[in-house]
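> The structure follows.
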Amino acid sequence: LRVVFAVSLLVCSLCGSVYAQPKIKFYEKVYDFGKVYSGEVVKNVFRFKNVGSEPLKILDVSTSCGCTGVLKSSKKVPPGEEGEIQVVFNTRGYSGNVTKLVYVRSNDPKNPTAKLRIQGYIRLDLLIYPRYFFVYMREKDKPARRILTLTNKGREPVRIRYVRAEDPDIVNVLNFKPARLKPHQSMRLDVMFRFTSPSGDRMKSKILIGTDHPK
């Protein structure tokens, strides 16, 4: 009888160690922010709970490009307690349907990397093409020119008040006149670049556009 009793205790002890585990459970894994204008900052807090029987440890929070994820609560969450992860997404530079992912690593053995998602539609009424471009210049002080296209993709007319370079020593916008763009109407921008640094240096600048658009 004593041998059987000892074996029974050992089996029960092993069973307890196997089933005593942390378990992360999110109240929501997808946040749809609807429609916003490009440039707005989207925020959401994902709440989770440790529904396991051992302490839950949040090891890391990572996101796809353009997002930041911050653990707002303790890294160690006791059984039955809750935690929060705040996600911030700057929509500047994005347009159309966008999805961003958030990865939460923990010591949950069955779900070591939980995946969260934020999604929505980003509205960009004024579209400039190309948005980014590179100019390779061989000779110092020899200018290069590019044509950019500015298009009103919105439903209302937009007045273009000014177009100017952030650094006029590098970039100049030629022959610009204030204009009113109707929906789906475009205008061309004649841009000149002047390379003033020694050969091999990298230079960059921005083109600023002022409008009467509310956003």
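Each chain in the structure tokens gets a letter, A, B and so on, in the order shown; residues start at 1 in every chain, and ligands are counted from 1 in the order they appear.
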Hey, what's within 9 Å of region 123-126 of chain A if we count only C-alpha atoms and toss same-chain stuff fewer than 5 positions away? As a list of chain:residue names, please?
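Near neighbours after the sequence-gap exclusion: A:Lys35, A:Val36, A:Tyr37, A:Ser38, A:Gly39, A:Gly93, A:Tyr94, A:Ser95, A:Gly96, A:Asn97, A:Leu150, A:Thr151, A:Asn152, A:Lys153, A:Gly154, A:Arg155, A:Val158, A:His213.
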> Next, the residues of the selection above should be written as a compact mmCIF listing (two decimals), in the first residue's frame with N, CA, C and O atoms.

```txt
# COMPACT_ATOMS: atom_id res chain seq x y z
N LYS A 35 -11.97 55.39 -41.56
CA LYS A 35 -11.36 56.26 -42.56
C LYS A 35 -10.75 57.48 -41.87
O LYS A 35 -11.42 58.15 -41.09
N VAL A 36 -9.49 57.75 -42.16
CA VAL A 36 -8.81 58.93 -41.62
C VAL A 36 -8.03 59.59 -42.75
O VAL A 36 -7.75 58.98 -43.79
N TYR A 37 -7.66 60.86 -42.54
CA TYR A 37 -6.82 61.55 -43.51
C TYR A 37 -5.35 61.21 -43.27
O TYR A 37 -4.93 61.00 -42.12
N SER A 38 -4.59 61.15 -44.32
CA SER A 38 -3.16 60.91 -44.21
C SER A 38 -2.52 62.00 -43.35
O SER A 38 -2.77 63.19 -43.55
N GLY A 39 -1.71 61.58 -42.39
CA GLY A 39 -1.10 62.52 -41.46
C GLY A 39 -1.68 62.45 -40.07
O GLY A 39 -1.05 62.91 -39.11
N GLY A 93 2.21 59.71 -45.15
CA GLY A 93 2.89 58.98 -46.20
C GLY A 93 2.15 57.75 -46.69
O GLY A 93 2.59 57.11 -47.64
N TYR A 94 1.01 57.43 -46.07
CA TYR A 94 0.24 56.25 -46.46
C TYR A 94 -1.07 56.69 -47.12
O TYR A 94 -1.60 57.77 -46.85
N SER A 95 -1.62 55.81 -47.95
CA SER A 95 -2.92 56.07 -48.57
C SER A 95 -3.58 54.75 -48.92
O SER A 95 -2.91 53.72 -49.08
N GLY A 96 -4.91 54.79 -49.03
CA GLY A 96 -5.65 53.59 -49.39
C GLY A 96 -5.83 52.65 -48.20
O GLY A 96 -5.70 53.04 -47.04
N ASN A 97 -6.14 51.39 -48.49
CA ASN A 97 -6.31 50.38 -47.45
C ASN A 97 -4.94 49.98 -46.88
O ASN A 97 -4.05 49.61 -47.63
N LEU A 150 0.97 66.94 -59.58
CA LEU A 150 0.13 67.10 -58.39
C LEU A 150 -1.32 66.94 -58.81
O LEU A 150 -1.80 67.67 -59.68
N THR A 151 -2.05 65.99 -58.20
CA THR A 151 -3.41 65.66 -58.61
C THR A 151 -4.36 65.76 -57.43
O THR A 151 -4.06 65.31 -56.33
N ASN A 152 -5.53 66.37 -57.68
CA ASN A 152 -6.59 66.44 -56.67
C ASN A 152 -7.44 65.18 -56.78
O ASN A 152 -8.23 65.03 -57.70
N LYS A 153 -7.30 64.28 -55.82
CA LYS A 153 -8.06 63.04 -55.80
C LYS A 153 -9.34 63.15 -54.96
O LYS A 153 -10.09 62.19 -54.84
N GLY A 154 -9.58 64.33 -54.39
CA GLY A 154 -10.74 64.50 -53.54
C GLY A 154 -12.00 64.84 -54.30
O GLY A 154 -12.04 64.80 -55.54
N ARG A 155 -13.04 65.20 -53.54
CA ARG A 155 -14.34 65.51 -54.14
C ARG A 155 -14.62 67.00 -54.24
O ARG A 155 -15.62 67.41 -54.82
N VAL A 158 -9.51 72.32 -54.64
CA VAL A 158 -8.45 72.68 -53.69
C VAL A 158 -7.59 73.77 -54.31
O VAL A 158 -7.14 73.63 -55.47
N HIS A 213 -6.86 73.19 -48.17
CA HIS A 213 -7.53 71.95 -47.75
C HIS A 213 -7.59 71.90 -46.22
O HIS A 213 -6.60 72.21 -45.55
```
> Taking 6 positions as the minimum chain separation for residues in the same chain, which residues sit within 10 Å of Pro178 (chain A) when counting only C-alpha atoms? Answer as a short mmCIF file (atom, residue, chain, number, x, y, z; two decimals) with N, CA and C atoms, in the first residue's frame.

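What landed in around_4.cif:
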```cif
data_model
loop_
_atom_site.label_atom_id
_atom_site.label_comp_id
_atom_site.auth_asym_id
_atom_site.auth_seq_id
_atom_site.Cartn_x
_atom_site.Cartn_y
_atom_site.Cartn_z
N ARG A 159 -7.34 74.82 -53.56
CA ARG A 159 -6.48 75.89 -54.06
C ARG A 159 -5.04 75.62 -53.61
N ILE A 160 -4.13 75.60 -54.58
CA ILE A 160 -2.71 75.42 -54.29
C ILE A 160 -2.11 76.82 -54.12
N ARG A 161 -1.78 77.16 -52.88
CA ARG A 161 -1.33 78.51 -52.57
C ARG A 161 0.16 78.71 -52.86
N TYR A 162 0.95 77.73 -52.51
CA TYR A 162 2.38 77.86 -52.78
C TYR A 162 3.02 76.48 -52.90
N VAL A 163 4.11 76.43 -53.61
CA VAL A 163 4.96 75.25 -53.70
C VAL A 163 6.39 75.76 -53.60
N GLY A 210 1.51 74.32 -49.94
CA GLY A 210 0.49 74.97 -49.11
C GLY A 210 -0.84 75.02 -49.84
N THR A 211 -1.93 74.63 -49.16
CA THR A 211 -3.26 74.58 -49.79
C THR A 211 -4.31 75.13 -48.81
#
```
> List every residue of chain A that DSSP, applied to the backbone of this structure, assigns to helix (DSSP H, G or I), and report them as a compact mmCIF listing (two decimals) with C-alpha atoms, in the first residue's frame.

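The new file states-v1.txt reads:
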```txt
# COMPACT_ATOMS: atom_id res chain seq x y z
CA ARG A 2 2.82 2.35 0.77
CA VAL A 3 4.37 1.84 -2.69
CA VAL A 4 1.09 2.49 -4.47
CA PHE A 5 0.54 5.66 -2.42
CA ALA A 6 4.00 7.02 -3.28
CA VAL A 7 3.49 6.36 -6.99
CA SER A 8 0.12 8.11 -6.91
CA LEU A 9 1.66 11.22 -5.36
CA LEU A 10 4.38 11.28 -8.01
CA VAL A 11 1.88 11.02 -10.87
CA CYS A 12 -0.29 13.80 -9.43
CA SER A 13 2.76 16.02 -8.95
CA LEU A 14 3.81 15.55 -12.59
CA CYS A 15 0.28 16.28 -13.83
CA GLY A 16 0.22 19.53 -11.88
CA SER A 17 3.51 20.71 -13.40
CA VAL A 18 2.29 19.97 -16.94
CA TYR A 19 -1.03 21.83 -16.72
```
> Pick the closest to Cys65 (chain A) from A:Val41, A:Ile128, A:Leu189, A:Val102: which is it, counting only C-alpha atoms?
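Among the listed residues, A:Val102 lies closest to Cys65 (chain A).
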> Excluding Glu81 (chain A) and residues on its chain fewer than 3 positions from it, collect all residues at most 9 Å away from it, counting only C-alpha atoms, and give them as number ranges by chain.
A: 48-51, 77-78
> Give me, as JSON, numbers by chain, all polymer residues having an atom no more than 9 Å from Val191 (chain A), counting only C-alpha atoms and skipping those fewer than 2 positions away in the same chain.
{"A": [144, 145, 146, 147, 148, 171, 172, 173, 174, 189, 193]}
> Can you write out the residues you just picked, keeping all heavy atoms, as a PDB file, in the first residue's frame?

```
ATOM      1  N   ALA A 144      19.896  69.800 -62.613  1.00  0.00           N
ATOM      2  CA  ALA A 144      19.080  68.749 -63.237  1.00  0.00           C
ATOM      3  C   ALA A 144      17.621  69.088 -62.979  1.00  0.00           C
ATOM      4  O   ALA A 144      17.280  69.704 -61.961  1.00  0.00           O
ATOM      5  CB  ALA A 144      19.423  67.386 -62.649  1.00  0.00           C
ATOM      6  N   ARG A 145      16.752  68.690 -63.898  1.00  0.00           N
ATOM      7  CA  ARG A 145      15.332  69.042 -63.771  1.00  0.00           C
ATOM      8  C   ARG A 145      14.467  67.785 -63.803  1.00  0.00           C
ATOM      9  O   ARG A 145      14.786  66.800 -64.472  1.00  0.00           O
ATOM     10  CB  ARG A 145      14.926  70.015 -64.887  1.00  0.00           C
ATOM     11  CG  ARG A 145      15.621  71.348 -64.763  1.00  0.00           C
ATOM     12  CD  ARG A 145      15.353  72.245 -65.960  1.00  0.00           C
ATOM     13  NE  ARG A 145      13.983  72.727 -66.006  1.00  0.00           N
ATOM     14  CZ  ARG A 145      13.564  73.678 -66.845  1.00  0.00           C
ATOM     15  NH1 ARG A 145      14.426  74.232 -67.691  1.00  0.00           N
ATOM     16  NH2 ARG A 145      12.315  74.063 -66.844  1.00  0.00           N
ATOM     17  N   ARG A 146      13.353  67.852 -63.048  1.00  0.00           N
ATOM     18  CA  ARG A 146      12.364  66.785 -63.019  1.00  0.00           C
ATOM     19  C   ARG A 146      10.967  67.411 -63.055  1.00  0.00           C
ATOM     20  O   ARG A 146      10.751  68.509 -62.567  1.00  0.00           O
ATOM     21  CB  ARG A 146      12.503  65.925 -61.756  1.00  0.00           C
ATOM     22  CG  ARG A 146      13.779  65.119 -61.664  1.00  0.00           C
ATOM     23  CD  ARG A 146      13.774  63.973 -62.659  1.00  0.00           C
ATOM     24  NE  ARG A 146      14.925  63.100 -62.473  1.00  0.00           N
ATOM     25  CZ  ARG A 146      16.114  63.319 -62.999  1.00  0.00           C
ATOM     26  NH1 ARG A 146      16.317  64.409 -63.740  1.00  0.00           N
ATOM     27  NH2 ARG A 146      17.106  62.476 -62.794  1.00  0.00           N
ATOM     28  N   ILE A 147      10.028  66.679 -63.612  1.00  0.00           N
ATOM     29  CA  ILE A 147       8.633  67.111 -63.644  1.00  0.00           C
ATOM     30  C   ILE A 147       7.835  66.269 -62.651  1.00  0.00           C
ATOM     31  O   ILE A 147       7.839  65.028 -62.718  1.00  0.00           O
ATOM     32  CB  ILE A 147       8.029  66.973 -65.059  1.00  0.00           C
ATOM     33  CG1 ILE A 147       8.795  67.855 -66.057  1.00  0.00           C
ATOM     34  CG2 ILE A 147       6.551  67.339 -65.040  1.00  0.00           C
ATOM     35  CD1 ILE A 147       8.692  69.345 -65.754  1.00  0.00           C
ATOM     36  N   LEU A 148       7.172  66.934 -61.715  1.00  0.00           N
ATOM     37  CA  LEU A 148       6.298  66.270 -60.761  1.00  0.00           C
ATOM     38  C   LEU A 148       4.846  66.574 -61.121  1.00  0.00           C
ATOM     39  O   LEU A 148       4.543  67.627 -61.699  1.00  0.00           O
ATOM     40  CB  LEU A 148       6.579  66.742 -59.333  1.00  0.00           C
ATOM     41  CG  LEU A 148       8.034  66.734 -58.873  1.00  0.00           C
ATOM     42  CD1 LEU A 148       8.131  67.186 -57.423  1.00  0.00           C
ATOM     43  CD2 LEU A 148       8.633  65.355 -59.049  1.00  0.00           C
ATOM     44  N   VAL A 171      17.051  72.881 -54.132  1.00  0.00           N
ATOM     45  CA  VAL A 171      15.890  72.658 -54.998  1.00  0.00           C
ATOM     46  C   VAL A 171      15.171  73.971 -55.253  1.00  0.00           C
ATOM     47  O   VAL A 171      14.996  74.790 -54.339  1.00  0.00           O
ATOM     48  CB  VAL A 171      14.912  71.654 -54.343  1.00  0.00           C
ATOM     49  CG1 VAL A 171      13.721  71.418 -55.266  1.00  0.00           C
ATOM     50  CG2 VAL A 171      15.611  70.343 -54.032  1.00  0.00           C
ATOM     51  N   ASN A 172      14.731  74.159 -56.476  1.00  0.00           N
ATOM     52  CA  ASN A 172      13.894  75.305 -56.841  1.00  0.00           C
ATOM     53  C   ASN A 172      12.712  74.822 -57.666  1.00  0.00           C
ATOM     54  O   ASN A 172      12.861  73.942 -58.526  1.00  0.00           O
ATOM     55  CB  ASN A 172      14.688  76.329 -57.661  1.00  0.00           C
ATOM     56  CG  ASN A 172      15.546  77.213 -56.777  1.00  0.00           C
ATOM     57  OD1 ASN A 172      15.054  77.766 -55.805  1.00  0.00           O
ATOM     58  ND2 ASN A 172      16.821  77.327 -57.103  1.00  0.00           N
ATOM     59  N   VAL A 173      11.537  75.384 -57.376  1.00  0.00           N
ATOM     60  CA  VAL A 173      10.340  75.102 -58.172  1.00  0.00           C
ATOM     61  C   VAL A 173      10.172  76.246 -59.163  1.00  0.00           C
ATOM     62  O   VAL A 173      10.014  77.409 -58.774  1.00  0.00           O
ATOM     63  CB  VAL A 173       9.097  74.967 -57.280  1.00  0.00           C
ATOM     64  CG1 VAL A 173       7.876  74.654 -58.137  1.00  0.00           C
ATOM     65  CG2 VAL A 173       9.314  73.878 -56.232  1.00  0.00           C
ATOM     66  N   LEU A 174      10.208  75.930 -60.456  1.00  0.00           N
ATOM     67  CA  LEU A 174      10.226  76.951 -61.492  1.00  0.00           C
ATOM     68  C   LEU A 174       8.818  77.283 -61.979  1.00  0.00           C
ATOM     69  O   LEU A 174       7.972  76.401 -62.138  1.00  0.00           O
ATOM     70  CB  LEU A 174      11.077  76.470 -62.669  1.00  0.00           C
ATOM     71  CG  LEU A 174      12.516  76.008 -62.326  1.00  0.00           C
ATOM     72  CD1 LEU A 174      13.189  75.488 -63.587  1.00  0.00           C
ATOM     73  CD2 LEU A 174      13.306  77.149 -61.712  1.00  0.00           C
ATOM     74  N   LEU A 189       4.619  70.321 -61.978  1.00  0.00           N
ATOM     75  CA  LEU A 189       5.577  71.146 -61.249  1.00  0.00           C
ATOM     76  C   LEU A 189       6.964  70.915 -61.844  1.00  0.00           C
ATOM     77  O   LEU A 189       7.435  69.772 -61.904  1.00  0.00           O
ATOM     78  CB  LEU A 189       5.573  70.790 -59.761  1.00  0.00           C
ATOM     79  CG  LEU A 189       4.228  70.899 -59.037  1.00  0.00           C
ATOM     80  CD1 LEU A 189       4.356  70.402 -57.602  1.00  0.00           C
ATOM     81  CD2 LEU A 189       3.717  72.330 -59.065  1.00  0.00           C
ATOM     82  N   PHE A 193      17.162  70.877 -59.595  1.00  0.00           N
ATOM     83  CA  PHE A 193      18.081  70.495 -58.529  1.00  0.00           C
ATOM     84  C   PHE A 193      19.475  71.010 -58.863  1.00  0.00           C
ATOM     85  O   PHE A 193      19.928  70.922 -60.001  1.00  0.00           O
ATOM     86  CB  PHE A 193      18.140  68.971 -58.384  1.00  0.00           C
ATOM     87  CG  PHE A 193      16.804  68.350 -58.116  1.00  0.00           C
ATOM     88  CD1 PHE A 193      15.960  68.023 -59.158  1.00  0.00           C
ATOM     89  CD2 PHE A 193      16.389  68.099 -56.815  1.00  0.00           C
ATOM     90  CE1 PHE A 193      14.718  67.445 -58.920  1.00  0.00           C
ATOM     91  CE2 PHE A 193      15.162  67.528 -56.579  1.00  0.00           C
ATOM     92  CZ  PHE A 193      14.327  67.199 -57.626  1.00  0.00           C
TER      93      PHE A 193
END
```
> Write out as a ChimeraX atom specification the set of residues from region 100-159 of chain A that DSSP, computed on the backbone, places in strand (DSSP E or B).
/A:100-106,113-123,126-129,144-152,158-159
> Could you check the closest approach to Val87 (chain A) for each of A:Gln119, A:Asn107, A:Thr63, A:Ser53 and tell me which residue wins, using only C-alpha atoms?
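Comparing A:Gln119, A:Asn107, A:Thr63, A:Ser53 against Val87 (chain A), the winner is A:Thr63.
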> Do you know which residues are at most 8 Å from Asp167 (chain A) counting only C-alpha atoms, after dropping those on the same chain fewer than 2 positions away, and could you put them as a VMD selection string?
chain A and resid 165 169 to 171 205 to 206
> Store the residues of this selection in a file with C-alpha atoms, as a PDB file, in the first residue's frame.

```pdb
ATOM      1  CA  ALA A 165      11.594  74.003 -51.453  1.00  0.00           C
ATOM      2  CA  ASP A 169      20.033  76.185 -52.308  1.00  0.00           C
ATOM      3  CA  ILE A 170      19.375  72.615 -53.449  1.00  0.00           C
ATOM      4  CA  VAL A 171      15.890  72.658 -54.998  1.00  0.00           C
ATOM      5  CA  SER A 205      15.505  68.178 -49.376  1.00  0.00           C
ATOM      6  CA  LYS A 206      11.711  68.428 -49.249  1.00  0.00           C
TER       7      LYS A 206
END
```
> To one decimal place, how far is CA of Ile58 (chain A) from CA of Ile24 (chain A) in Å?
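One can read the CA of Ile58 (chain A) to CA of Ile24 (chain A) distance as 9.5 Å.
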> CA of Val42 (chain A) and CA of Phe89 (chain A), how far apart in Å?
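Distance between the two atoms: 5.1 Å.
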> Could you tell me how far CA of Thr99 (chain A) sits from CA of Arg131 (chain A), in Å to one decimal place?
20.6 Å
> Per residue of region 113-171 of chain A within 10 Å of region 25-33 of chain A, note the shortest atom pair and the distance in Å to one decimal, counting only C-alpha atoms, and order the rows by chain and increasing residue number, as a tab-separated table.

```
residue	atom	partner	partner_atom	distance
A:Ala114	CA	A:Lys29	CA	8.8
A:Lys115	CA	A:Lys29	CA	7.3
A:Leu116	CA	A:Lys29	CA	4.8
A:Arg117	CA	A:Val30	CA	4.8
A:Ile118	CA	A:Tyr31	CA	4.7
A:Gln119	CA	A:Asp32	CA	4.9
A:Gly120	CA	A:Phe33	CA	5.2
A:Tyr121	CA	A:Phe33	CA	7.8
A:Ile122	CA	A:Phe33	CA	9.5
```
> Please, could you write that set of residues out with N, CA and C atoms as a short mmCIF file (atom, residue, chain, number, x, y, z; two decimals), in the first residue's frame?

```cif
data_model
loop_
_atom_site.label_atom_id
_atom_site.label_comp_id
_atom_site.auth_asym_id
_atom_site.auth_seq_id
_atom_site.Cartn_x
_atom_site.Cartn_y
_atom_site.Cartn_z
N ALA A 114 1.78 36.23 -30.07
CA ALA A 114 0.42 36.63 -30.44
C ALA A 114 0.49 37.73 -31.48
N LYS A 115 -0.40 37.68 -32.46
CA LYS A 115 -0.40 38.66 -33.55
C LYS A 115 -1.66 39.52 -33.48
N LEU A 116 -1.46 40.85 -33.42
CA LEU A 116 -2.55 41.81 -33.42
C LEU A 116 -2.53 42.57 -34.74
N ARG A 117 -3.65 43.19 -35.07
CA ARG A 117 -3.73 43.88 -36.36
C ARG A 117 -4.54 45.16 -36.23
N ILE A 118 -4.03 46.24 -36.81
CA ILE A 118 -4.82 47.46 -36.96
C ILE A 118 -4.94 47.73 -38.46
N GLN A 119 -6.11 48.19 -38.85
CA GLN A 119 -6.38 48.36 -40.28
C GLN A 119 -7.37 49.49 -40.49
N GLY A 120 -7.41 49.98 -41.71
CA GLY A 120 -8.34 51.04 -42.04
C GLY A 120 -8.01 51.63 -43.40
N TYR A 121 -8.73 52.69 -43.74
CA TYR A 121 -8.55 53.36 -45.03
C TYR A 121 -8.00 54.76 -44.77
N ILE A 122 -6.91 55.08 -45.45
CA ILE A 122 -6.26 56.38 -45.28
C ILE A 122 -6.53 57.22 -46.53
#
```
